[in-house]
Amino acid sequence: MKKYLAEMIGTMVLVLMGCGVAVSLGCDPVNNIPAVVGTAFAFGLAVVAMAYTIGGISGCHINPAITLGVFLSGRMSAKDCGMYILFQVIGAFIGSALLYLLTSSSTDAAIAGTGANDLQDGVTVIGGLLAEIIFTCVFVLVVLGATSKTNGATNNFAGLAIGLSLVLVHLVCIRYTGTSVNPARSLAPAVFQGGTALSNVWIFIVGPFVGGALAALIWKVIETED
């Protein structure tokens with residue numbers, strides 16, 4: 001149970017800090033590029049912080065797509081996979097609820113929303129779905145590689161590598177979907193925000209899960225025995 005609770009806490013922090021920065025800075029991929037950079041680093045730094053906080057307890061997945069990739073790679077049981085995802089979603093809802101309380105109690109109209117993902121201007125459903133599949137695949141592949149036993153001493157820097165890769169993914173993908181690559185991170189804020197964010201939330205659930213599965217397949221092909 002401790003590792004499940006660790007995943008819940010870690011995902012709560014990821015959503016509260018990452019989405020919180022997106023709201024606080026007014027992340028706009030067209031008109032506010034500094035906010036895009038700030039948001040990208042917020043998500044990456046949240047992952048780094050949690051990796052060195054709960055990594056020794058649960059492995060710090062804090063992302064159902066990562067958990068699926070780890071399961072399909074044969075590194076965890078089906079029971080743990082299901083329980084990890086459940087507690088990650090719970091943690092995401094706690095983080096979103098805290099952010100919603102903060103923004104809804106503010107009198108500043110610029111501070112609104114919960115940092116929910118949605119298709120950006122000019123991006124089609126297919127384009128958004130492809131972006132989530134591609135960039136989740138890249139991100140989960142980094143996770144699987146960085147945490148592999150075959151990487152020896154580099155495992156000590158896995159949290160840093162994973163966090164920086166998430167920064168990179170956000171810098172590319174925010175313009176298309178706001179960057180999810182994490183079903184829990186998208187579902188909870190969409191429920192609180194509603195509107196098109198909620199109607200399009202399936203993209204940010206299906207896309208990351210498909211990307212995570214593809215990453216597991218690629219890793220099985222390239223992974224060495226020793």
# chains A, B, ... in the order shown; residues from 1 in each chain; ligands from 1
>>> residues_around(residues="A:Leu168", least_positions_apart="6", cutoff="12 Å", atoms="only C-alpha atoms", output="list in words")
Val36, Val37, Gly38, Thr39, Ala40, Phe41, Ala42, Phe43, Gly44, Leu45, Phe135, Thr136, Val138, Phe139, Val142, Ala161, Ile162, Ile174 and Thr179 of chain A
>>> residues_around(residues="A:Pro208", least_positions_apart="2", cutoff="10 Å", atoms="only C-alpha atoms", output="list of chain:residue names")
A:Asn63, A:Pro64, A:Ala65, A:Ile66, A:Leu68, A:Leu129, A:Leu130, A:Ala131, A:Glu132, A:Ile133, A:Ile134, A:Phe135, A:Thr136, A:Cys137, A:Phe139, A:Val140, A:Ser180, A:Val181, A:Asn182, A:Pro183, A:Ile203, A:Phe204, A:Ile205, A:Val206, A:Val210, A:Gly211, A:Gly212, A:Ala213, A:Leu214
>>> residues_around(residues="A:Cys19", least_positions_apart="3", cutoff="9 Å", atoms="only C-alpha atoms", output="PDB file with N, CA and C atoms, in the first residue's frame")
ATOM      1  N   LEU A  14       2.744  16.420  -9.202  1.00  0.00           N
ATOM      2  CA  LEU A  14       2.964  16.682 -10.627  1.00  0.00           C
ATOM      3  C   LEU A  14       1.856  17.556 -11.202  1.00  0.00           C
ATOM      4  N   VAL A  15       0.607  17.200 -10.931  1.00  0.00           N
ATOM      5  CA  VAL A  15      -0.530  17.947 -11.468  1.00  0.00           C
ATOM      6  C   VAL A  15      -0.620  19.333 -10.840  1.00  0.00           C
ATOM      7  N   LEU A  16      -0.465  19.396  -9.521  1.00  0.00           N
ATOM      8  CA  LEU A  16      -0.568  20.688  -8.836  1.00  0.00           C
ATOM      9  C   LEU A  16       0.515  21.654  -9.310  1.00  0.00           C
ATOM     10  N   ALA A  22       1.231  26.347 -15.398  1.00  0.00           N
ATOM     11  CA  ALA A  22       0.576  26.669 -16.669  1.00  0.00           C
ATOM     12  C   ALA A  22      -0.514  27.719 -16.472  1.00  0.00           C
ATOM     13  N   VAL A  23      -1.261  27.584 -15.383  1.00  0.00           N
ATOM     14  CA  VAL A  23      -2.322  28.550 -15.080  1.00  0.00           C
ATOM     15  C   VAL A  23      -1.726  29.872 -14.611  1.00  0.00           C
ATOM     16  N   SER A  24      -0.775  29.801 -13.697  1.00  0.00           N
ATOM     17  CA  SER A  24      -0.201  31.025 -13.119  1.00  0.00           C
ATOM     18  C   SER A  24       0.517  31.885 -14.148  1.00  0.00           C
ATOM     19  N   THR A  39       6.340  26.437 -18.203  1.00  0.00           N
ATOM     20  CA  THR A  39       5.467  25.291 -17.978  1.00  0.00           C
ATOM     21  C   THR A  39       6.200  23.986 -18.256  1.00  0.00           C
ATOM     22  N   ALA A  42       8.412  23.292 -15.421  1.00  0.00           N
ATOM     23  CA  ALA A  42       7.650  22.959 -14.216  1.00  0.00           C
ATOM     24  C   ALA A  42       7.319  21.476 -14.173  1.00  0.00           C
ATOM     25  N   PHE A  43       6.838  20.938 -15.302  1.00  0.00           N
ATOM     26  CA  PHE A  43       6.519  19.514 -15.341  1.00  0.00           C
ATOM     27  C   PHE A  43       7.782  18.669 -15.186  1.00  0.00           C
ATOM     28  N   GLY A  95      -4.764  16.796  -6.814  1.00  0.00           N
ATOM     29  CA  GLY A  95      -4.005  17.947  -7.286  1.00  0.00           C
ATOM     30  C   GLY A  95      -4.866  18.938  -8.032  1.00  0.00           C
ATOM     31  N   SER A  96      -5.761  18.437  -8.881  1.00  0.00           N
ATOM     32  CA  SER A  96      -6.662  19.309  -9.643  1.00  0.00           C
ATOM     33  C   SER A  96      -7.655  20.016  -8.734  1.00  0.00           C
ATOM     34  N   LEU A  99      -5.880  22.874  -7.054  1.00  0.00           N
ATOM     35  CA  LEU A  99      -5.671  23.966  -8.003  1.00  0.00           C
ATOM     36  C   LEU A  99      -6.986  24.685  -8.293  1.00  0.00           C
ATOM     37  N   THR A 114      -7.845  24.918 -14.999  1.00  0.00           N
ATOM     38  CA  THR A 114      -7.089  23.933 -14.239  1.00  0.00           C
ATOM     39  C   THR A 114      -5.910  23.381 -15.040  1.00  0.00           C
ATOM     40  N   GLY A 115      -5.551  24.050 -16.122  1.00  0.00           N
ATOM     41  CA  GLY A 115      -4.436  23.576 -16.929  1.00  0.00           C
ATOM     42  C   GLY A 115      -4.765  22.341 -17.732  1.00  0.00           C
ATOM     43  N   ALA A 116      -6.051  22.178 -18.067  1.00  0.00           N
ATOM     44  CA  ALA A 116      -6.483  20.992 -18.812  1.00  0.00           C
ATOM     45  C   ALA A 116      -5.933  21.014 -20.231  1.00  0.00           C
ATOM     46  N   ARG A 185      -2.932  12.998 -15.690  1.00  0.00           N
ATOM     47  CA  ARG A 185      -2.723  14.448 -15.711  1.00  0.00           C
ATOM     48  C   ARG A 185      -3.771  15.158 -16.543  1.00  0.00           C
ATOM     49  N   PRO A 189      -7.902  17.358 -14.576  1.00  0.00           N
ATOM     50  CA  PRO A 189      -8.148  18.773 -14.900  1.00  0.00           C
ATOM     51  C   PRO A 189      -9.311  18.966 -15.858  1.00  0.00           C
TER      52      PRO A 189
END
>>> atom_distance(atom1="atom CA of A:Asp80", atom2="atom CA of A:Lys149")
19.9 Å
>>> residues_around(residues="A:Gln120", least_positions_apart="5", cutoff="8 Å", atoms="only C-alpha atoms", output="MDAnalysis selection string")
chainID A and resid 175:178
>>> write_last_selection(atoms="C-alpha atoms", output="tab-separated table (two decimals), in the first residue's frame")
chain	number	residue	atom	x	y	z
A	175	ARG	CA	1.81	23.87	-29.45
A	176	TYR	CA	-0.28	20.88	-30.55
A	177	THR	CA	-2.13	19.59	-27.48
A	178	GLY	CA	-0.80	21.44	-24.47
>>> closest_residue(among="A:Ile111, A:Ile57, A:Val191, A:Ile62", to="A:Leu86", atoms="only C-alpha atoms")
A:Ile62
>>> atom_distance(atom1="atom CA of A:Tyr4", atom2="atom CA of A:Phe87")
6.0 Å
>>> closest_residue(among="A:Val172, A:Ser73, A:Gly145, A:Ala184", to="A:Ile33", atoms="only C-alpha atoms")
A:Val172
>>> decode(residues="stretch 16-49 of chain A", atoms="C-alpha atoms", output="PDB file, in the first residue's frame")
ATOM      1  CA  LEU A  16      -0.568  20.688  -8.836  1.00  0.00           C
ATOM      2  CA  MET A  17       2.844  22.067  -9.800  1.00  0.00           C
ATOM      3  CA  GLY A  18       2.818  21.470 -13.554  1.00  0.00           C
ATOM      4  CA  CYS A  19      -0.744  22.561 -14.237  1.00  0.00           C
ATOM      5  CA  GLY A  20      -0.427  25.223 -11.553  1.00  0.00           C
ATOM      6  CA  VAL A  21       2.463  26.880 -13.351  1.00  0.00           C
ATOM      7  CA  ALA A  22       0.576  26.669 -16.669  1.00  0.00           C
ATOM      8  CA  VAL A  23      -2.322  28.550 -15.080  1.00  0.00           C
ATOM      9  CA  SER A  24      -0.201  31.025 -13.119  1.00  0.00           C
ATOM     10  CA  LEU A  25       1.966  31.987 -16.096  1.00  0.00           C
ATOM     11  CA  GLY A  26      -0.896  31.958 -18.603  1.00  0.00           C
ATOM     12  CA  CYS A  27       0.635  29.361 -20.902  1.00  0.00           C
ATOM     13  CA  ASP A  28      -0.149  30.360 -24.490  1.00  0.00           C
ATOM     14  CA  PRO A  29       1.929  28.572 -27.174  1.00  0.00           C
ATOM     15  CA  VAL A  30       1.434  31.415 -29.657  1.00  0.00           C
ATOM     16  CA  ASN A  31       1.461  34.642 -27.669  1.00  0.00           C
ATOM     17  CA  ASN A  32       3.398  33.785 -24.515  1.00  0.00           C
ATOM     18  CA  ILE A  33       6.486  31.753 -25.319  1.00  0.00           C
ATOM     19  CA  PRO A  34       8.226  32.406 -21.959  1.00  0.00           C
ATOM     20  CA  ALA A  35       5.217  30.815 -20.235  1.00  0.00           C
ATOM     21  CA  VAL A  36       5.567  27.773 -22.482  1.00  0.00           C
ATOM     22  CA  VAL A  37       9.189  27.364 -21.407  1.00  0.00           C
ATOM     23  CA  GLY A  38       8.240  27.870 -17.766  1.00  0.00           C
ATOM     24  CA  THR A  39       5.467  25.291 -17.978  1.00  0.00           C
ATOM     25  CA  ALA A  40       7.743  22.763 -19.664  1.00  0.00           C
ATOM     26  CA  PHE A  41      10.330  23.115 -16.922  1.00  0.00           C
ATOM     27  CA  ALA A  42       7.650  22.959 -14.216  1.00  0.00           C
ATOM     28  CA  PHE A  43       6.519  19.514 -15.341  1.00  0.00           C
ATOM     29  CA  GLY A  44      10.090  18.312 -15.755  1.00  0.00           C
ATOM     30  CA  LEU A  45      11.239  19.630 -12.397  1.00  0.00           C
ATOM     31  CA  ALA A  46       8.194  18.109 -10.678  1.00  0.00           C
ATOM     32  CA  VAL A  47       9.196  14.725 -12.080  1.00  0.00           C
ATOM     33  CA  VAL A  48      12.817  15.162 -10.973  1.00  0.00           C
ATOM     34  CA  ALA A  49      11.720  16.203  -7.466  1.00  0.00           C
TER      35      ALA A  49
END
